[in-house]
Structures are given as structure tokens and as C-alpha cells.
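Encoded as C-alpha cells, the structure appears first; notes follow it.
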Amino acid sequence: RGEVQGQLQWGLQTEYNRFTLQGQDKAVGDTRGDGHRLHTLASLQQTNDNGWAWLNPKASLNTAAYDTDTPMRDGARRATRSIPTLSVDSGLRLERGSSLLGKPARQTLEPRLHYANTPWRNQTHLPNYDAAALDFNEISIYGDNAFSGADFVTDAHQVTLGATSRWFDQQRGAELLRLGMAQRLLLRDQRITADSLTAEGL
């Protein structure tokens with residue numbers, strides 16, 4: 001990871017894995033074969049944050065290459081995929097004096113808007129070694145990809161709107177309470193979801 005002119009950030013993550021699935025440890029119906037995977041995630045992000053507001057556009061490219069000991073679903077033993085994502089994360093940080101349970105406190109209001117656009121790419125023929133649906137939480141709702149691991153990337157054209165309000169102790173600065181809500185709006189139907197992966201046996 002590095003920075004150019006203090007604002008433009010680039011990132012590069014890469015990993016190589018050799019998966020050996022022991023027969024006695026495999027679940028019934030698990031047809032995955034042993035194999036190699038090379039995964040790379042490259043990103044370029046413009047960071048704009050002045051303390052009370054931020055606007056961070058980002059472009060990323062998620063690539064993976066597979067070489068399996070036995071044929072995959074389409075009969076091939078080698079496959080690659082490259083999936084780009086464009087996203088924008090933005091929000092405000094507003095605060096005022098308040099009180100909580102009769103004690104002085106500082107309250108914030110932090111509205112947030114996240115936009116993500118990832119095109120659909122056919123991934124049904126690829127093995128799933130470590131992908132899983134992310135738990136729903138404050139971090140994942142504003143994320144670009146709905147899956148953990150490196151095997152699958154969900155297609156998305158979506159806007160997530162939300163807001164968080166926090167109360168801090170005036171003297172110690174400790175966070176006393178946090179409340180938040182968020183709503184995701186799909187601008188097109190998603191074709192790769194946790195349910196579809198399960199249904200296809202991935």
C-alpha cells in the first residue's frame with residue numbers, strides 16, 4: 001500500500017494457496033478437488049476527509065487463477081476471473097452538546113451514503129475453497145463485496161443509506177451509546193447471492 005500526494009492511495013494484496021482436501025474430512029456431496037489458487041486484489045482510492053465530511057471514490061480489480069488436480073464443473077482444470085468494482089463512500093460528522101441519563105454528553109449524527117457497482121461475471125464453474133457470506137453488521141452493510149474469502153465476488157449496483165448517532169462522555173471521551181440504521185437499495189437485481197451459491201452447490 002502507498003500514497004501519492006498524500007491523497008491518492010493504492011493497495012495491492014496477493015496470496016497463493018494450495019488446497020488439499022482429505023477424503024475423510026470431506027462432507028458428503030463435496031465434489032471439490034485439490035488445487036492451487038492465486039488471488040490478487042488491487043485498488044486505487046482517492047481519500048478526501050476534512051474531519052466533518054468525507055468522500056472516498058475507489059476503483060478495484062479482484063482477480064483469481066485456479067489450477068485444479070481434477071476437472072471443475074465445466075470440465076476444465078484451469079480458469080481465471082477478473083472482476084472490477086467502482087465505489088464511493090461518503091458521509092458527514094455532526095456533533096452537539098447533549099445529555100444522557102442526566103449527565104453531560106457530546107452527541108454525534110453521522111449520515112452515510114455508499115455506492116457500489118460490480119458487473120456480473122460467471123463464477124459457477126469455480127471451486128469454493130473459502131468463500132462465505134459475511135455476517136450482517138455495520139461494516140458489511142457498507143462493503144463492496146458480500147462474501148469473505150477470495151473465491152467469489154457478488155455482482156452489485158446498489159446504494160446504501162444510513163446514519164449513526166453516538167453519545168460520548170464529556171470529560172473522559174468514552175463512547176457511552178451508539179445507535180444506527182441503514183437501508184440498501186438495489187439498482188438492479190443481484191445474480192450472485194449467498195442463497196444462489198448454496199443452491200448451486202458452491
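Chain lettering (A, B, ...) mirrors the order of the C-alpha cells, residue numbering begins at 1 for each chain separately, and ligand numbering begins at 1 in order of display.
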- Message: Need the shell around Arg93 (chain A): protein/DNA/RNA residues with any atom at most 6 Å away, counting only C-alpha atoms. Skip same-chain ones fewer than 3 positions apart. Format as a PyMOL selection string?
- Response: chain A and resi 52-53+110
- Task: Give me the residues within 9 Å of Arg73 (chain A) as a list of chain:residue names, counting only C-alpha atoms and dropping any in the same chain fewer than 5 places off.
- Result: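 Final neighbour list, sorted by chain and number: A:Thr124, A:His125, A:Leu126, A:Pro127.
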Store the residues picked out above in a file with N, CA, C and O atoms, as an mmCIF file, in the first residue's frame.
data_model
loop_
_atom_site.group_PDB
_atom_site.id
_atom_site.type_symbol
_atom_site.label_atom_id
_atom_site.label_comp_id
_atom_site.auth_asym_id
_atom_site.auth_seq_id
_atom_site.Cartn_x
_atom_site.Cartn_y
_atom_site.Cartn_z
ATOM 1 N N THR A 124 -19.855 -19.760 -11.581
ATOM 2 C CA THR A 124 -20.461 -21.017 -11.138
ATOM 3 C C THR A 124 -19.560 -22.225 -11.369
ATOM 4 O O THR A 124 -19.749 -23.263 -10.733
ATOM 5 N N HIS A 125 -18.611 -22.124 -12.288
ATOM 6 C CA HIS A 125 -17.740 -23.263 -12.576
ATOM 7 C C HIS A 125 -16.526 -23.318 -11.655
ATOM 8 O O HIS A 125 -15.778 -24.303 -11.671
ATOM 9 N N LEU A 126 -16.318 -22.289 -10.831
ATOM 10 C CA LEU A 126 -15.129 -22.226 -9.983
ATOM 11 C C LEU A 126 -15.355 -22.952 -8.662
ATOM 12 O O LEU A 126 -16.466 -22.972 -8.136
ATOM 13 N N PRO A 127 -14.304 -23.528 -8.096
ATOM 14 C CA PRO A 127 -14.440 -24.174 -6.786
ATOM 15 C C PRO A 127 -14.533 -23.137 -5.673
ATOM 16 O O PRO A 127 -13.978 -22.051 -5.782
#
- Selection: 12 Å around Pro104 (chain A), only C-alpha atoms, excl. self and same-chain fewer than 2 positions, as a list in words: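 Residues meeting the cut-off are Arg96, Gly97, Ser98, Ser99, Leu100, Leu101, Gly102, Arg106, Gln107, Trp167, Phe168, Asp169, Gln170, Gln171, Arg172, Gly173 and Leu176 of chain A.
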- Task: Quote the spacing between CA of Asp144 (chain A) and CA of Leu109 (chain A) in Å to one decimal place.
- Result: 23.5 Å
Once you count only C-alpha atoms, what closest atom pair and distance in Å to one decimal does each residue of region 77-169 of chain A within 12 Å of region 13-18 of chain A have, with rows by chain and rising residue number, as a tab-separated table?
residue	atom	partner	partner_atom	distance
A:Tyr129	CA	A:Asn17	CA	9.9
A:Asp130	CA	A:Asn17	CA	10.8
A:Gly149	CA	A:Glu15	CA	11.2
A:Ala150	CA	A:Glu15	CA	9.3
A:Asp151	CA	A:Asn17	CA	11.5
Selected residues written out, N, CA and C atoms, as a PDB file, in the first residue's frame:
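Below is the file selection_25.pdb, written as the result:
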ATOM      1  N   TYR A 129     -13.354 -22.642  -2.122  1.00  0.00           N
ATOM      2  CA  TYR A 129     -12.487 -23.136  -1.062  1.00  0.00           C
ATOM      3  C   TYR A 129     -12.713 -22.407   0.261  1.00  0.00           C
ATOM      4  N   ASP A 130     -12.987 -21.112   0.218  1.00  0.00           N
ATOM      5  CA  ASP A 130     -13.097 -20.377   1.498  1.00  0.00           C
ATOM      6  C   ASP A 130     -14.088 -19.226   1.489  1.00  0.00           C
ATOM      7  N   GLY A 149     -13.411 -14.338   2.181  1.00  0.00           N
ATOM      8  CA  GLY A 149     -12.630 -15.256   1.366  1.00  0.00           C
ATOM      9  C   GLY A 149     -12.306 -14.660   0.016  1.00  0.00           C
ATOM     10  N   ALA A 150     -11.700 -15.475  -0.835  1.00  0.00           N
ATOM     11  CA  ALA A 150     -11.193 -14.962  -2.112  1.00  0.00           C
ATOM     12  C   ALA A 150     -11.873 -15.564  -3.335  1.00  0.00           C
ATOM     13  N   ASP A 151     -12.817 -16.481  -3.146  1.00  0.00           N
ATOM     14  CA  ASP A 151     -13.318 -17.227  -4.304  1.00  0.00           C
ATOM     15  C   ASP A 151     -14.413 -16.525  -5.084  1.00  0.00           C
TER      16      ASP A 151
END
- For the atom pair CA of Ala156 (chain A) and CA of Met181 (chain A), what is the interatomic distance in Å to one decimal place?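 So the answer is 20.6 Å.
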